Structure formats: structure tokens, C-alpha cells
file model-v6.cif (mmCIF, C-alpha atoms and all ligand atoms)
data_coords
#
loop_
_atom_site.label_atom_id
_atom_site.label_comp_id
_atom_site.auth_asym_id
_atom_site.auth_seq_id
_atom_site.Cartn_x
_atom_site.Cartn_y
_atom_site.Cartn_z
CA MET D 1 115.49 102.77 53.84
CA THR D 2 118.46 104.03 55.84
CA ALA D 3 117.85 104.33 59.58
CA ARG D 4 118.79 107.57 61.26
CA PRO D 5 121.90 107.03 63.38
CA TRP D 6 121.20 106.56 67.07
CA ILE D 7 121.89 109.67 69.09
CA PRO D 8 122.41 108.76 72.75
CA GLY D 9 120.22 110.81 75.07
CA GLU D 10 118.37 112.47 72.26
CA ARG D 11 114.96 111.38 73.51
CA TYR D 12 115.51 113.44 76.63
CA ALA D 13 116.00 116.54 74.55
CA SER D 14 113.29 119.13 74.16
CA ARG D 15 110.76 118.51 71.42
CA ALA D 16 111.57 121.86 69.84
CA PRO D 17 112.04 121.15 66.14
CA GLU D 18 115.58 121.10 64.88
CA PRO D 19 116.26 120.76 61.20
CA HIS D 20 117.14 117.27 60.03
CA ALA D 21 120.61 117.20 58.56
CA PRO D 22 120.83 116.49 54.85
CA PRO D 23 122.46 113.11 54.03
CA ASP D 24 125.74 114.76 53.05
CA ALA D 25 125.96 116.87 56.23
CA PRO D 26 129.25 116.75 58.12
CA VAL D 27 129.11 114.64 61.28
CA VAL D 28 130.07 116.85 64.20
CA GLY D 29 130.45 115.29 67.63
CA VAL D 30 130.00 116.92 71.01
CA LEU D 31 132.06 115.36 73.77
CA ALA D 32 129.31 114.23 76.12
CA LEU D 33 130.96 113.34 79.42
CA GLN D 34 129.87 116.45 81.34
CA GLY D 35 128.88 120.02 80.53
CA ASP D 36 126.46 121.84 78.25
CA VAL D 37 126.23 119.14 75.61
CA LEU D 38 122.64 119.69 74.53
CA GLU D 39 123.06 123.38 73.80
CA HIS D 40 125.94 122.59 71.45
CA LEU D 41 124.03 119.78 69.73
CA ARG D 42 121.18 122.17 69.06
CA ALA D 43 123.42 124.98 67.81
CA LEU D 44 125.26 122.57 65.49
CA ARG D 45 122.00 121.22 64.10
CA ARG D 46 120.77 124.75 63.44
CA CYS D 47 123.99 125.16 61.43
CA GLY D 48 123.26 122.15 59.22
CA ALA D 49 125.52 119.56 60.89
CA HIS D 50 124.59 116.02 61.76
CA ALA D 51 125.38 116.46 65.47
CA VAL D 52 126.03 113.42 67.66
CA GLN D 53 127.22 112.76 71.20
CA VAL D 54 130.71 111.33 71.69
CA ARG D 55 131.24 109.17 74.76
CA ASN D 56 133.65 106.47 73.58
CA VAL D 57 136.31 105.71 70.99
CA ASP D 58 133.83 104.26 68.50
CA HIS D 59 131.78 107.45 68.58
CA LEU D 60 134.98 109.47 68.18
CA ALA D 61 136.02 107.44 65.15
CA GLY D 62 132.73 108.33 63.46
CA VAL D 63 132.96 112.12 63.58
CA ASP D 64 134.47 114.63 61.13
CA GLY D 65 134.88 117.31 63.81
CA LEU D 66 134.38 117.69 67.55
CA VAL D 67 133.10 120.29 70.01
CA LEU D 68 134.40 120.26 73.57
CA PRO D 69 131.65 121.87 75.63
CA GLY D 70 131.81 124.09 78.67
CA GLY D 71 131.49 122.49 82.05
CA GLU D 72 134.13 121.60 84.57
CA SER D 73 137.50 120.99 82.94
CA THR D 74 138.84 118.98 85.90
CA THR D 75 135.86 116.59 85.72
CA ILE D 76 135.94 116.28 81.93
CA GLY D 77 139.71 115.66 82.03
CA LYS D 78 139.33 112.92 84.64
CA LEU D 79 136.53 111.23 82.72
CA LEU D 80 138.53 111.39 79.47
CA THR D 81 141.34 109.53 81.21
CA ARG D 82 139.02 107.04 82.92
CA PHE D 83 137.14 106.18 79.73
CA GLY D 84 140.33 105.74 77.69
CA LEU D 85 139.48 108.68 75.45
CA MET D 86 142.39 110.97 76.26
CA GLU D 87 145.02 109.43 73.97
CA PRO D 88 142.67 108.73 71.01
CA LEU D 89 141.44 112.31 71.28
CA ARG D 90 144.96 113.74 71.37
CA GLU D 91 145.77 111.70 68.29
CA ARG D 92 142.73 112.98 66.38
CA VAL D 93 143.52 116.58 67.32
CA ARG D 94 147.16 116.13 66.26
CA ALA D 95 145.99 114.56 63.00
CA GLY D 96 144.03 117.74 62.17
CA MET D 97 140.44 116.96 63.15
CA PRO D 98 138.63 120.31 63.36
CA THR D 99 138.02 120.88 67.06
CA PHE D 100 136.15 123.68 68.80
CA GLY D 101 136.45 124.13 72.55
CA THR D 102 134.29 126.52 74.54
CA CYS D 103 135.20 127.60 78.06
CA ALA D 104 136.17 124.34 79.83
CA GLY D 105 136.85 123.07 76.29
CA MET D 106 139.33 125.89 75.78
CA ILE D 107 141.03 124.96 79.04
CA LEU D 108 141.35 121.33 77.94
CA LEU D 109 142.86 122.33 74.59
CA SER D 110 145.49 124.55 76.22
CA ALA D 111 149.11 123.47 76.32
CA GLN D 112 149.56 124.87 79.83
CA LEU D 113 147.57 126.29 82.70
CA ASP D 114 148.47 129.21 84.90
CA GLN D 115 148.17 127.24 88.14
CA THR D 116 150.45 125.09 90.24
CA GLU D 117 148.12 122.12 90.59
CA GLN D 118 148.05 120.31 87.27
CA GLN D 119 145.10 118.53 85.65
CA PRO D 120 144.82 116.32 82.56
CA LEU D 121 144.81 118.33 79.30
CA ILE D 122 144.31 117.37 75.67
CA GLY D 123 146.50 120.18 74.31
CA GLY D 124 146.61 121.34 70.71
CA LEU D 125 146.66 125.07 71.38
CA ASP D 126 149.98 126.66 72.27
CA VAL D 127 148.61 128.97 74.92
CA LEU D 128 148.92 129.45 78.65
CA THR D 129 145.40 129.71 80.04
CA ARG D 130 144.07 130.89 83.35
CA ARG D 131 140.93 129.25 84.70
CA ASN D 132 138.20 131.34 86.34
CA ALA D 133 139.99 134.48 85.19
CA TYR D 134 136.89 136.65 85.57
CA GLY D 135 136.01 135.52 89.08
CA ARG D 136 133.36 133.25 90.51
CA GLN D 137 129.95 132.14 89.24
CA VAL D 138 128.31 135.39 90.43
CA ASP D 139 130.78 137.38 88.33
CA SER D 140 129.57 135.70 85.13
CA PHE D 141 128.36 138.11 82.44
CA ASP D 142 126.86 138.40 78.96
CA THR D 143 128.42 140.70 76.43
CA ARG D 144 128.76 141.48 72.75
CA LEU D 145 132.18 140.87 71.31
CA ARG D 146 133.78 141.61 67.98
CA VAL D 147 135.37 138.44 66.58
CA ALA D 148 137.77 138.76 63.65
CA GLY D 149 136.36 137.23 60.48
CA LEU D 150 132.74 137.10 61.68
CA GLU D 151 130.40 139.24 59.64
CA GLY D 152 127.31 140.89 61.05
CA GLY D 153 128.71 142.82 64.00
CA PRO D 154 129.63 141.73 67.50
CA LEU D 155 128.76 138.21 68.66
CA ASP D 156 126.37 137.67 71.60
CA VAL D 157 128.27 135.64 74.15
CA SER D 158 128.12 134.51 77.74
CA PHE D 159 131.13 134.30 80.05
CA ILE D 160 130.42 131.73 82.77
CA ARG D 161 133.31 131.29 85.21
CA ALA D 162 135.33 131.78 82.11
CA PRO D 163 139.03 131.36 81.45
CA ARG D 164 141.23 133.64 79.38
CA VAL D 165 144.53 133.26 77.62
CA GLU D 166 147.34 134.78 79.66
CA ARG D 167 150.07 134.12 77.13
CA VAL D 168 150.31 132.96 73.54
CA LEU D 169 153.23 130.52 73.28
CA SER D 170 153.60 130.20 69.52
CA ASP D 171 153.19 132.45 66.51
CA GLU D 172 150.97 129.77 64.98
CA VAL D 173 148.22 130.96 67.31
CA GLU D 174 145.87 133.57 65.83
CA VAL D 175 144.00 135.81 68.26
CA LEU D 176 140.48 136.43 66.93
CA ALA D 177 139.08 138.37 69.88
CA GLU D 178 140.34 139.83 73.10
CA ILE D 179 139.14 141.67 76.18
CA ASP D 180 141.47 144.13 77.88
CA GLY D 181 144.41 142.76 75.94
CA HIS D 182 143.69 139.12 76.86
CA PRO D 183 142.79 136.71 74.06
CA VAL D 184 139.34 135.10 74.43
CA VAL D 185 139.05 133.53 70.97
CA VAL D 186 142.06 131.81 69.46
CA ARG D 187 142.74 129.54 66.56
CA GLN D 188 145.71 127.33 65.74
CA GLY D 189 145.33 125.38 62.53
CA ASP D 190 142.08 123.44 62.85
CA VAL D 191 141.73 124.02 66.58
CA LEU D 192 139.40 126.86 67.59
CA ALA D 193 138.64 127.91 71.14
CA SER D 194 136.54 130.52 72.87
CA ALA D 195 136.59 131.48 76.54
CA PHE D 196 132.85 132.11 76.39
CA HIS D 197 129.69 130.22 75.52
CA ALA D 198 128.04 131.22 72.25
CA GLU D 199 125.79 128.13 72.19
CA VAL D 200 123.50 129.60 74.85
CA THR D 201 122.75 132.93 73.19
CA GLY D 202 121.27 131.75 69.89
CA ASP D 203 123.96 133.67 67.98
CA ASP D 204 125.27 130.75 65.96
CA ARG D 205 127.85 132.46 63.76
CA LEU D 206 130.92 130.91 65.34
CA HIS D 207 129.32 127.45 65.24
CA ARG D 208 128.35 128.02 61.63
CA GLU D 209 131.92 128.93 60.76
CA PHE D 210 133.13 125.81 62.54
CA VAL D 211 130.64 123.57 60.74
CA ASP D 212 131.72 125.11 57.42
CA ARG D 213 135.33 124.34 58.30
CA VAL D 214 134.46 120.72 59.16
CA ARG D 215 132.66 120.43 55.83
CA ALA D 216 135.65 121.91 53.95
CA THR D 217 138.17 119.67 55.74
CA ARG D 218 136.09 116.59 54.99
CA ALA D 219 135.85 117.56 51.34
CA GLY D 220 139.66 117.62 51.38
N1 LIG D 301 135.48 127.27 85.40
C1 LIG D 301 135.33 126.07 84.64
C2 LIG D 301 136.64 125.28 84.63
O1 LIG D 301 137.58 125.65 85.16
C3 LIG D 301 134.91 126.39 83.21
C4 LIG D 301 133.54 127.02 83.22
C5 LIG D 301 132.74 126.80 81.98
O2 LIG D 301 133.04 125.94 81.15
N2 LIG D 301 131.68 127.55 81.86
O3 LIG D 301 136.69 124.23 84.08
#

call {"tool": "encode", "arguments": {"input": "model-v6.cif", "output": "C-alpha cells"}}
result
Amino acid sequence: MTARPWIPGERYASRAPEPHAPPDAPVVGVLALQGDVLEHLRALRRCGAHAVQVRNVDHLAGVDGLVLPGGESTTIGKLLTRFGLMEPLRERVRAGMPTFGTCAGMILLSAQLDQTEQQPLIGGLDVLTRRNAYGRQVDSFDTRLRVAGLEGGPLDVSFIRAPRVERVLSDEVEVLAEIDGHPVVVRQGDVLASAFHAEVTGDDRLHREFVDRVRATRAG
């Protein structure tokens, strides 16, 4: 009998049933230092992934792809540095591990930020990003957004103190969605990022596409 891998914190999760991943499911990590980790784990499981929390280098070594959740990018960046995860993570991203950043995750994947005070970044996306581009917490909003390549109409998304891309710095960056001329979903190679949260709306299409990409990359 093979034991199910240990998922840190899982017993605190709601008892709502989530499908068990088939044995050949891709292992998709969610960086679990701060932010909306549980929502991503659930969305990934609904999409057929074996979703696990990543808190250290051993966890990171065991995943085929990684989600960087929303939260507070300054806090996540500091914790990445403190826990010795920043360099290993940069290496994995450079080596082509499929990575999906939402909101704070998008900020962390950006090459540069539109602010004078700097903060630790992972990089991987050649974009200049502006934090809190839509205002404060009270200015957060839900919307439906057309995302290139996603079938089934506009995606239900939630912008929560969200960033946006101010400038694309390389023609390797594909813009998959924008609002008022500002990119809010971008892709560069195997790095995907959205300014919004899709994991809180139950509209899993972007997660599903990501999981499919992880599966395809793993299959070589
Ligand atoms: N405003 C946050 C930041 O700058 C991001 C918000 C979010 O992830 N929902 O990191």
C-alpha cells in the first residue's frame, strides 16, 4: 500500500470533498509562506492536480509546477529570503518549471517594480509592474474578463489590491488580457501571471490550463 503524501496543514482545511488525484497526476505546489494558499490548493485539486504546500527546498524539489499565491508580496519576499528559498526558486523558474503567480505572485515574478523602494523579487517575467494599481482594499472589485485562449467566455475574477503591468520589457512576453490598455494576464515561456485572483471565484479555467501545462511539461 502506498501512503498518501503528507500535506502540511491539510487537516485544518474544510472537510468539503475534493477529488483525490489519480496516481499519475502532476504534483503542483503552492508556495505556503503567506497568502491565500488554501484557495489555490482547492482549485488545483478540482483541476486534477496533486496539490501540495511548499515551505522549504525539499518541498520545492518535489513539485512539477508551482503557484505563487496572492497575499503581501513584501512579506512573501522577505520570508523567501529568510527561509533560503529565494535562490532555489529563481533557479527552478529559470530552468523552466511551470509557474503561475496571482496578484502578489505576479509582483514577485516581475523583473521590475514601478516604485522607488525596492523589495526582493523572484523575477522571470520581463515586465514592469505597479503594485496596488487599482487603489486600496476598499477599491477591490469583481469582474468578468476575456482571457486570450480560454474558451467559454469571460473569466470570473477578483481584483484585490491588485497590481497591473505598466510596461512590457521584452517581446517574449505575451499579453493574454488587459484592462484599459494595461496587461493583467501575461505569459513568458512557462511563467504565467495574473493581476487578479481566479481561485476565489470557482471559475477554474486558468488553473486548469496551468495544470494541463504542468502535465505536458512533465511528459516532456
Ligand atoms: N497589494 C498586494 C501587494 O502589493 C497584493 C495583493 C494581493 O495579492 N491580493 O503585495

call {"tool": "residues_around", "arguments": {"input": "model-v6.cif", "residues": "D:Phe196", "least_positions_apart": "2", "cutoff": "6 Å", "atoms": "all atoms listed in the file", "output": "ChimeraX atom specification"}}
result
/D:103,158-159,194

call {"tool": "residues_around", "arguments": {"input": "model-v6.cif", "residues": "D:Ala104", "least_positions_apart": "2", "cutoff": "9 Å", "atoms": "only C-alpha atoms", "output": "PyMOL selection string"}}
result
chain D and resi 35+68-74+76+101-102+106-109+131+162-163+195

call {"tool": "closest_residue", "arguments": {"input": "model-v6.cif", "among": "D:Pro88, D:Glu209, D:Asp180, D:Leu155", "to": "D:Leu192", "atoms": "all atoms listed in the file"}}
result
D:Glu209

call {"tool": "closest_residue", "arguments": {"input": "model-v6.cif", "among": "D:Asp36, D:Ala51, D:Gly189, D:Gly202", "to": "D:Pro98", "atoms": "all atoms listed in the file"}}
result
D:Gly189

call {"tool": "closest_residue", "arguments": {"input": "model-v6.cif", "among": "D:Pro23, D:Gly181, D:Pro154, D:Gly220", "to": "D:Ala198", "atoms": "only C-alpha atoms"}}
result
D:Pro154

call {"tool": "residues_around", "arguments": {"input": "model-v6.cif", "residues": "D:His59", "least_positions_apart": "4", "cutoff": "12 Å", "atoms": "only C-alpha atoms", "output": "PyMOL selection string"}}
result
chain D and resi 5-8+27-32+51-55+63-66+85+88-89

call {"tool": "atom_distance", "arguments": {"input": "model-v6.cif", "atom1": "atom CA of D:Ala133", "atom2": "atom CA of D:Leu41"}}
result
26.6 Å
